[in-house]
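*Asks:* Compact mmCIF, C-alpha atoms, saved as coords11.txt, coming up:
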# COMPACT_ATOMS: atom_id res chain seq x y z
CA MET A 682 112.77 140.29 93.54
CA LYS A 683 114.44 137.93 91.09
CA ASN A 684 114.28 135.08 93.64
CA LEU A 685 110.56 135.74 94.14
CA ILE A 686 109.92 135.52 90.39
CA VAL A 687 111.90 132.27 90.12
CA ARG A 688 110.10 130.85 93.14
CA THR A 689 106.70 131.81 91.71
CA ILE A 690 107.40 130.31 88.28
CA THR A 691 108.68 127.08 89.84
CA GLY A 692 105.65 126.94 92.13
CA VAL A 693 103.21 127.38 89.24
CA PHE A 694 104.82 124.58 87.20
CA PHE A 695 105.01 122.38 90.31
CA VAL A 696 101.32 122.77 91.17
CA ALA A 697 100.28 122.39 87.52
CA ALA A 698 102.25 119.14 87.18
CA LEU A 699 100.74 117.65 90.33
CA VAL A 700 97.17 118.67 89.54
CA THR A 701 97.45 117.43 85.95
CA CYS A 702 98.95 114.08 86.95
CA PHE A 703 95.86 113.22 89.00
CA LEU A 704 93.72 113.30 85.86
CA ARG A 705 95.14 109.97 84.68
CA PRO A 706 96.30 107.01 86.81
CA GLU A 707 99.28 106.31 84.55
CA ALA A 708 100.48 109.92 84.85
CA MET A 709 100.11 109.88 88.63
CA VAL A 710 102.02 106.63 89.03
CA LEU A 711 104.86 107.71 86.74
CA LEU A 712 105.22 111.18 88.28
CA PHE A 713 105.22 109.99 91.88
CA ALA A 714 107.58 107.14 91.05
CA LEU A 715 109.95 109.80 89.70
CA ILE A 716 109.41 111.95 92.79
CA THR A 717 110.11 108.95 95.01
CA GLY A 718 113.36 108.18 93.20
CA LEU A 719 114.59 111.78 93.20
CA THR A 720 113.78 112.22 96.89
CA ILE A 721 115.55 109.01 97.97
CA TRP A 722 118.55 109.89 95.79
CA GLU A 723 118.72 113.31 97.44
CA TYR A 724 118.32 111.81 100.93
CA CYS A 725 121.08 109.25 100.41
CA GLY A 726 123.44 111.92 99.13
CA LEU A 727 122.84 113.97 102.28
CA VAL A 728 123.32 111.16 104.80
CA ASN A 729 126.43 109.89 103.00
CA GLN A 730 128.06 113.20 103.88
CA ARG A 731 127.96 112.22 107.55
CA GLU A 732 131.10 110.74 109.07
CA ALA A 733 131.23 106.94 109.01
CA VAL A 734 127.92 106.64 107.12
CA THR A 735 127.79 104.78 103.81
CA VAL A 736 124.50 103.76 102.24
CA ASN A 737 124.12 102.29 98.76
CA ARG A 738 122.53 105.24 97.01
CA PHE A 739 121.72 103.46 93.78
CA ILE A 740 120.16 100.33 95.29
CA CYS A 741 118.17 102.31 97.89
CA THR A 742 116.73 104.47 95.11
CA VAL A 743 115.90 101.54 92.83
CA ALA A 744 114.35 99.64 95.75
CA GLY A 745 112.16 102.61 96.71
CA VAL A 746 110.95 103.18 93.15
CA TYR A 747 110.25 99.47 92.71
CA PHE A 748 108.27 99.44 95.96
CA PHE A 749 106.18 102.37 94.70
CA PHE A 750 105.38 100.53 91.46
CA ALA A 751 104.63 97.34 93.42
CA VAL A 752 102.12 99.11 95.66
CA ALA A 753 100.57 100.83 92.61
CA TYR A 754 100.18 97.44 90.91
CA PHE A 755 98.76 95.86 94.06
CA CYS A 756 96.24 98.67 94.67
CA SER A 757 95.17 99.31 91.08
CA ASP A 758 94.14 95.73 90.30
CA VAL A 759 95.53 96.13 86.78
CA TYR A 760 95.17 92.49 85.88
CA GLY A 761 92.92 91.32 88.68
CA GLY A 762 93.11 88.02 90.52
CA GLY A 763 96.24 85.93 90.92
CA ALA A 764 98.89 86.04 93.62
CA LYS A 765 99.40 89.79 93.41
CA SER A 766 101.45 89.87 96.61
CA MET A 767 104.22 88.07 94.71
CA VAL A 768 105.16 91.46 93.29
CA PHE A 769 106.75 92.38 96.63
CA ILE A 770 109.24 89.48 96.65
CA PRO A 771 111.99 91.26 94.65
CA TYR A 772 111.72 94.20 97.04
CA LEU A 773 112.09 91.93 100.08
CA VAL A 774 115.10 90.26 98.48
CA THR A 775 116.66 93.70 97.96
CA ILE A 776 116.12 94.66 101.60
CA ILE A 777 117.72 91.40 102.73
CA TYR A 778 120.65 92.12 100.41
CA LEU A 779 121.12 95.61 101.87
CA LEU A 780 121.21 94.15 105.38
CA VAL A 781 123.50 91.20 104.63
CA THR A 782 126.07 93.20 102.65
CA GLU A 783 127.06 95.03 105.84
CA LEU A 784 128.52 91.74 107.06
CA TYR A 785 131.13 91.91 104.32
CA SER A 786 131.64 95.64 103.71
CA LYS A 787 133.80 96.15 106.84
CA GLN A 788 132.34 99.60 107.48
CA PRO A 789 133.19 101.23 110.84
CA ASP A 790 129.53 101.73 111.84
CA PRO A 791 127.24 99.18 110.17
CA ILE A 792 124.34 99.92 112.54
CA ASN A 793 124.23 103.51 111.33
CA ASN A 794 124.34 102.29 107.75
CA TRP A 795 121.44 99.92 108.39
CA ALA A 796 119.45 102.65 110.13
CA TYR A 797 119.92 105.24 107.38
CA THR A 798 119.25 102.64 104.68
CA MET A 799 115.97 101.53 106.23
CA LEU A 800 114.97 105.14 106.91
CA SER A 801 115.12 105.85 103.17
CA GLN A 802 112.39 103.25 102.71
CA MET A 803 110.29 103.99 105.80
CA TYR A 804 110.47 107.78 105.63
CA ILE A 805 110.24 108.27 101.86
CA ALA A 806 109.32 105.18 99.82
CA LEU A 807 106.48 103.97 102.07
CA PRO A 808 104.66 107.33 102.48
CA PHE A 809 104.82 108.14 98.76
CA SER A 810 103.63 104.63 97.92
CA LEU A 811 100.56 105.12 100.08
CA ILE A 812 99.31 107.74 97.62
CA ASN A 813 98.18 104.69 95.64
CA VAL A 814 95.95 103.62 98.52
CA LEU A 815 94.19 106.98 98.31
CA ALA A 816 94.01 106.97 94.51
CA PHE A 817 92.69 103.45 93.88
CA THR A 818 89.51 102.70 95.81
CA SER A 819 87.09 99.77 95.70
CA THR A 820 83.45 100.14 94.74
CA PRO A 821 80.68 98.20 96.54
CA ASP A 822 80.61 95.65 93.70
CA GLY A 823 84.35 94.94 94.10
CA ARG A 824 85.70 96.95 91.17
CA VAL A 825 88.72 99.22 91.60
CA MET A 826 88.30 102.83 90.50
CA PHE A 827 90.82 105.63 90.13
CA ASN A 828 89.91 108.39 92.59
CA THR A 829 91.23 111.82 91.64
CA ILE A 830 89.67 113.75 94.50
CA LEU A 831 91.12 112.09 97.61
CA PRO A 832 94.86 112.26 96.77
CA LEU A 833 94.51 115.70 95.20
CA SER A 834 92.61 117.00 98.24
CA VAL A 835 95.53 116.03 100.51
CA PHE A 836 97.85 118.26 98.52
CA ILE A 837 95.27 121.05 98.34
CA PHE A 838 95.04 120.94 102.13
CA LEU A 839 98.83 120.97 102.46
CA TRP A 840 99.20 123.95 100.13
CA THR A 841 96.35 125.76 101.89
CA ASN A 842 97.89 125.04 105.28
CA ASP A 843 101.28 126.40 104.19
CA THR A 844 99.73 129.54 102.70
CA GLY A 845 97.43 130.18 105.64
CA ALA A 846 100.16 129.57 108.21
CA TYR A 847 102.52 131.94 106.40
CA CYS A 848 99.95 134.73 106.05
CA VAL A 849 98.57 134.53 109.58
CA GLY A 850 102.00 133.92 111.12
CA SER A 851 103.47 136.95 109.33
CA LEU A 852 100.67 139.19 110.59
CA LEU A 853 99.90 137.81 114.05
CA GLY A 854 102.68 135.40 114.98
CA ARG A 855 103.92 136.00 118.52
CA HIS A 856 104.27 132.64 120.24
CA LYS A 857 106.83 130.19 118.84
CA LEU A 858 105.51 126.74 117.97
CA PHE A 859 108.81 124.82 118.11
CA PRO A 860 111.72 127.27 118.55
CA ARG A 861 114.30 124.51 119.07
CA ILE A 862 113.70 123.14 115.58
CA SER A 863 111.91 125.81 113.53
CA PRO A 864 112.11 129.32 115.02
CA GLY A 865 110.00 130.81 112.23
CA LYS A 866 106.81 128.87 113.01
CA SER A 867 104.24 130.27 115.43
CA TRP A 868 101.16 128.92 117.17
CA GLU A 869 99.12 131.69 115.58
CA GLY A 870 100.32 130.71 112.11
CA SER A 871 99.62 127.00 112.68
CA ILE A 872 96.10 127.69 113.97
CA GLY A 873 95.47 130.08 111.09
CA GLY A 874 96.67 127.49 108.59
CA ALA A 875 94.36 124.88 110.10
CA LEU A 876 91.39 127.28 109.86
CA PHE A 877 92.20 127.92 106.20
CA VAL A 878 92.27 124.15 105.63
CA LEU A 879 88.90 123.67 107.34
CA ALA A 880 87.47 126.34 105.04
CA ALA A 881 88.95 124.51 102.02
CA ALA A 882 87.54 121.20 103.27
CA TRP A 883 84.09 122.71 103.65
CA ALA A 884 84.34 124.17 100.13
CA ILE A 885 85.27 120.77 98.67
CA SER A 886 82.40 119.12 100.52
CA TYR A 887 79.98 121.79 99.27
CA PHE A 888 81.23 121.46 95.71
CA LEU A 889 80.94 117.65 95.77
CA ASP A 890 77.54 117.82 97.49
CA GLY A 891 78.21 114.98 99.91
CA ALA A 892 80.02 112.68 97.48
CA ILE A 893 82.88 110.46 98.73
CA LEU A 894 82.80 111.87 102.29
CA THR A 895 80.32 113.76 104.44
CA THR A 896 81.02 117.35 105.43
CA ILE A 897 82.16 116.29 108.91
CA GLN A 898 84.46 113.66 107.43
CA TRP A 899 85.97 116.19 105.01
CA LEU A 900 86.59 118.57 107.89
CA GLY A 901 88.22 115.73 109.83
CA LEU A 902 90.46 114.86 106.89
CA GLY A 903 91.46 118.49 106.51
CA LEU A 904 92.35 118.78 110.19
CA VAL A 905 94.37 115.54 110.09
CA VAL A 906 96.35 116.76 107.07
CA ALA A 907 96.95 120.17 108.64
CA VAL A 908 98.24 118.76 111.94
CA PHE A 909 100.34 115.94 110.52
CA GLY A 910 101.55 118.10 107.65
CA THR A 911 102.93 120.55 110.19
CA TRP A 912 104.64 117.69 112.01
CA GLY A 913 106.06 116.50 108.69
CA ASP A 914 107.57 119.94 108.13
CA LEU A 915 109.08 119.88 111.62
CA VAL A 916 110.47 116.35 111.13
CA GLU A 917 112.33 117.46 108.01
CA SER A 918 113.55 120.59 109.82
CA LEU A 919 114.96 118.35 112.56
CA PHE A 920 116.60 116.18 109.89
CA LYS A 921 118.26 119.21 108.27
CA ARG A 922 119.27 120.69 111.61
CA THR A 923 120.89 117.37 112.57
CA LEU A 924 122.85 117.40 109.30
CA GLY A 925 123.68 121.08 109.67
CA ILE A 926 122.18 122.18 106.32
CA LYS A 927 119.70 124.89 105.31
CA ASP A 928 118.15 123.27 102.21
CA SER A 929 118.04 119.60 101.27
CA GLY A 930 119.00 120.44 97.67
CA ASN A 931 118.53 122.86 94.80
CA ILE A 932 116.66 120.81 92.21
CA LEU A 933 113.62 123.11 92.47
CA PRO A 934 114.76 126.73 91.90
CA GLY A 935 113.58 128.92 94.74
CA HIS A 936 112.13 125.98 96.65
CA GLY A 937 115.20 123.95 97.60
CA GLY A 938 115.26 120.19 97.27
CA MET A 939 112.73 117.39 97.00
CA LEU A 940 112.60 116.87 100.76
CA ASP A 941 111.99 120.58 101.25
CA ARG A 942 109.03 120.48 98.88
CA PHE A 943 107.44 117.21 100.01
CA ASP A 944 108.32 117.17 103.73
CA SER A 945 104.75 117.77 104.90
CA SER A 946 103.29 115.07 102.65
CA LEU A 947 105.63 112.37 104.01
CA ILE A 948 103.70 112.39 107.30
CA ALA A 949 100.35 113.69 106.08
CA ILE A 950 99.77 110.96 103.47
CA PRO A 951 100.11 108.03 105.92
CA ALA A 952 97.97 109.94 108.46
CA ALA A 953 95.27 110.50 105.82
CA VAL A 954 95.28 106.79 104.95
CA VAL A 955 94.92 105.82 108.62
CA TYR A 956 92.10 108.34 109.07
CA LEU A 957 90.17 107.13 106.02
CA TYR A 958 90.59 103.48 106.96
CA THR A 959 89.40 104.30 110.47
CA LEU A 960 86.22 105.78 109.01
CA THR A 961 85.44 102.45 107.34
CA LEU A 962 85.44 100.73 110.74
CA PHE A 963 82.52 102.74 112.06
Represent the structure of the file as structure tokens.
*Replies:*
Amino acid sequence: MKNLIVRTITGVFFVAALVTCFLRPEAMVLLFALITGLTIWEYCGLVNQREAVTVNRFICTVAGVYFFFAVAYFCSDVYGGGAKSMVFIPYLVTIIYLLVTELYSKQPDPINNWAYTMLSQMYIALPFSLINVLAFTSTPDGRVMFNTILPLSVFIFLWTNDTGAYCVGSLLGRHKLFPRISPGKSWEGSIGGALFVLAAAWAISYFLDGAILTTIQWLGLGLVVAVFGTWGDLVESLFKRTLGIKDSGNILPGHGGMLDRFDSSLIAIPAAVVYLYTLTLF
């Protein structure tokens, strides 16, 4: 009972912080930069526990946070004009440094070090940074506007999918979705979660009365987030199973670590960006 209360309180503060941050672009950028840093720091601590693996925890974290700010700057058009892509040069220099230092560190398995180092950027820094692509959109006249609805809707769909999958899976779950990696997930739960998401997508479309996306496009976005969010959860489960751990950390009481809380979004956010960009092609 005590664990349920702690989990509920943490969940309420967590959701409130995320929803509130999307009201202002500065708040969103600062909060997700912090989330990016904490998640990479947690990830590096976990992989450094593996035999013969040594990644530079501090530099990986700083590089990931800098990349997030660089993408935010590039997408938000804060100053407009100029060679905005220059902002990525320090990040590229850092990546080169992380690769070259293995020549001199005399570690027993430099390839593993390279792989885990780059994974911190590809698996965590890049997906979180793409939230800026959803949040800052261009108007027909070329201006950049802060869009609250699109990034927030991705998280609403993820939360709805988790809730729906848990409720339906608990009541009707019989057939295991991926027993090798996550024995608790069922096909019934996953389908139920997706149906809940489609209902949420329809509700958002109805509330917005056709703004931003059509009803069909909202339903498509919801389905994309539900499917890829489930895969994101399974990817993190595979990561933890490979490391032989139950939770990635304990920074969020009752919810585990940062990876535990944001696992679904690390795949769902890039998938949502691809989906929305695909819509612009047709």
*Asks:* For range 695-743 of chain A versus range 836-851 of chain A, which residues have an atom no more than 10 Å away, and what is each residue's nearest atom pair and distance in Å rounded to one decimal, using only C-alpha atoms, chain-then-number order, as a tab-separated table?
*Replies:*
residue	atom	partner	partner_atom	distance
A:Val696	CA	A:Trp840	CA	9.3
A:Leu699	CA	A:Phe836	CA	8.7
A:Val700	CA	A:Phe836	CA	9.0
*Asks:* Expressed in Å to a single decimal, how great is the separation between CA of Leu940 in chain A and CA of Lys927 in chain A?
*Replies:*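 Between these atoms lies a distance of 11.6 Å.
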*Asks:* Would you mind reading off the distance between CA of Asp944 in chain A and CA of Leu852 in chain A, one decimal, in Å?
*Replies:*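 Those two atoms sit 24.3 Å apart.
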*Asks:* Skipping near chain neighbours, those fewer than 2 positions away, what residues fall within 8 Å of range 776-790 of chain A using all atoms listed in the file, listed as a PyMOL selection string?
*Replies:* chain A and resi 733-735+737+744+772-774+792-795+798
*Asks:* To one decimal in Å, tell me the separation between CA of Asp822 in chain A and CA of Thr701 in chain A.
*Replies:*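 One can read the CA of Asp822 in chain A to CA of Thr701 in chain A distance as 28.6 Å.
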*Asks:* Which is closest to Val710 in chain A among A:Gly823, A:Gly854, A:Pro832, A:Gly726, if we use all atoms listed in the file?
*Replies:* A:Pro832
*Asks:* Given all atoms listed in the file as the basis, pick out the residue of A:Val752, A:Leu960, A:Ile812, A:Leu858 nearest to Thr829 in chain A.
*Replies:*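 The shortest atom-to-atom distance to Thr829 in chain A comes from A:Ile812.
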*Asks:* Can you tell me, as a list of chain:residue names, what residues are no more than 12 Å from Tyr754 in chain A when counting all atoms listed in the file, ignoring any on the same chain fewer than 4 positions away?
*Replies:* A:Pro706, A:Glu707, A:Val710, A:Tyr747, A:Phe748, A:Phe749, A:Phe750, A:Asp758, A:Val759, A:Tyr760, A:Gly761, A:Gly762, A:Ala764, A:Lys765, A:Ser766, A:Met767, A:Val768, A:Phe769, A:Ser810, A:Leu811, A:Asn813, A:Val814, A:Ala816, A:Phe817, A:Val825
*Asks:* Enclose the full set of atoms of range 934-953 of chain A listed in the file within a box whose edges lie along x, y and z, apply 6 Å of padding to each of the six sides, and report centre and edge lengths in Å to one decimal as AutoDock Vina command-line options.
*Replies:*
--center_x 105.3 --center_y 118.5 --center_z 100.2 --size_x 32.0 --size_y 32.9 --size_z 28.6
*Asks:* Would you pick out the contacts of Ala875 in chain A at 7 Å or less, using only C-alpha atoms, so that residues sharing its chain but fewer than 4 positions from it are not included, and give the list as a compact mmCIF listing (two decimals) with C-alpha atoms, in the coordinates of the input?
*Replies:*
# COMPACT_ATOMS: atom_id res chain seq x y z
CA ASN A 842 97.89 125.04 105.28
CA SER A 871 99.62 127.00 112.68
CA LEU A 879 88.90 123.67 107.34
CA LEU A 904 92.35 118.78 110.19
CA ALA A 907 96.95 120.17 108.64
*Asks:* When you count only C-alpha atoms, which of these residues is closest to Pro771 in chain A: A:Val954, A:Leu900, A:Val736, A:Ala751?
*Replies:*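 Between A:Val954, A:Leu900, A:Val736, A:Ala751, the residue approaching Pro771 in chain A most closely is A:Ala751.
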*Asks:* Could you check which of A:Ile872, A:Ala796, A:Leu889, A:Ile932 is closest to Trp722 in chain A, using all atoms listed in the file?
*Replies:*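 That would be A:Ile932, the residue with the smallest distance to Trp722 in chain A.
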*Asks:* Within 10 Å of Ala953 in chain A, counting all atoms listed in the file, which residues qualify if same-chain residues fewer than 6 places away don't, as a ChimeraX atom specification?
*Replies:* /A:811-812,815,831-832,835,901-906,909,946,959
*Asks:* Please, could you write that set of residues out with C-alpha atoms as an mmCIF file, in the coordinates of the input?
*Replies:*
data_model
loop_
_atom_site.group_PDB
_atom_site.id
_atom_site.type_symbol
_atom_site.label_atom_id
_atom_site.label_comp_id
_atom_site.auth_asym_id
_atom_site.auth_seq_id
_atom_site.Cartn_x
_atom_site.Cartn_y
_atom_site.Cartn_z
ATOM 1 C CA LEU A 811 100.560 105.120 100.080
ATOM 2 C CA ILE A 812 99.310 107.740 97.620
ATOM 3 C CA LEU A 815 94.190 106.980 98.310
ATOM 4 C CA LEU A 831 91.120 112.090 97.610
ATOM 5 C CA PRO A 832 94.860 112.260 96.770
ATOM 6 C CA VAL A 835 95.530 116.030 100.510
ATOM 7 C CA GLY A 901 88.220 115.730 109.830
ATOM 8 C CA LEU A 902 90.460 114.860 106.890
ATOM 9 C CA GLY A 903 91.460 118.490 106.510
ATOM 10 C CA LEU A 904 92.350 118.780 110.190
ATOM 11 C CA VAL A 905 94.370 115.540 110.090
ATOM 12 C CA VAL A 906 96.350 116.760 107.070
ATOM 13 C CA PHE A 909 100.340 115.940 110.520
ATOM 14 C CA SER A 946 103.290 115.070 102.650
ATOM 15 C CA THR A 959 89.400 104.300 110.470
#
*Asks:* Within 6 Å of Ala806 in chain A, counting all atoms listed in the file, which residues qualify if same-chain residues fewer than 3 places away don't, as an mmCIF file with C-alpha atoms, in the frame of the given file?
*Replies:*
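The result, stored in part_12.cif:
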data_model
loop_
_atom_site.group_PDB
_atom_site.id
_atom_site.type_symbol
_atom_site.label_atom_id
_atom_site.label_comp_id
_atom_site.auth_asym_id
_atom_site.auth_seq_id
_atom_site.Cartn_x
_atom_site.Cartn_y
_atom_site.Cartn_z
ATOM 1 C CA GLY A 745 112.160 102.610 96.710
ATOM 2 C CA GLN A 802 112.390 103.250 102.710
ATOM 3 C CA PHE A 809 104.820 108.140 98.760
#
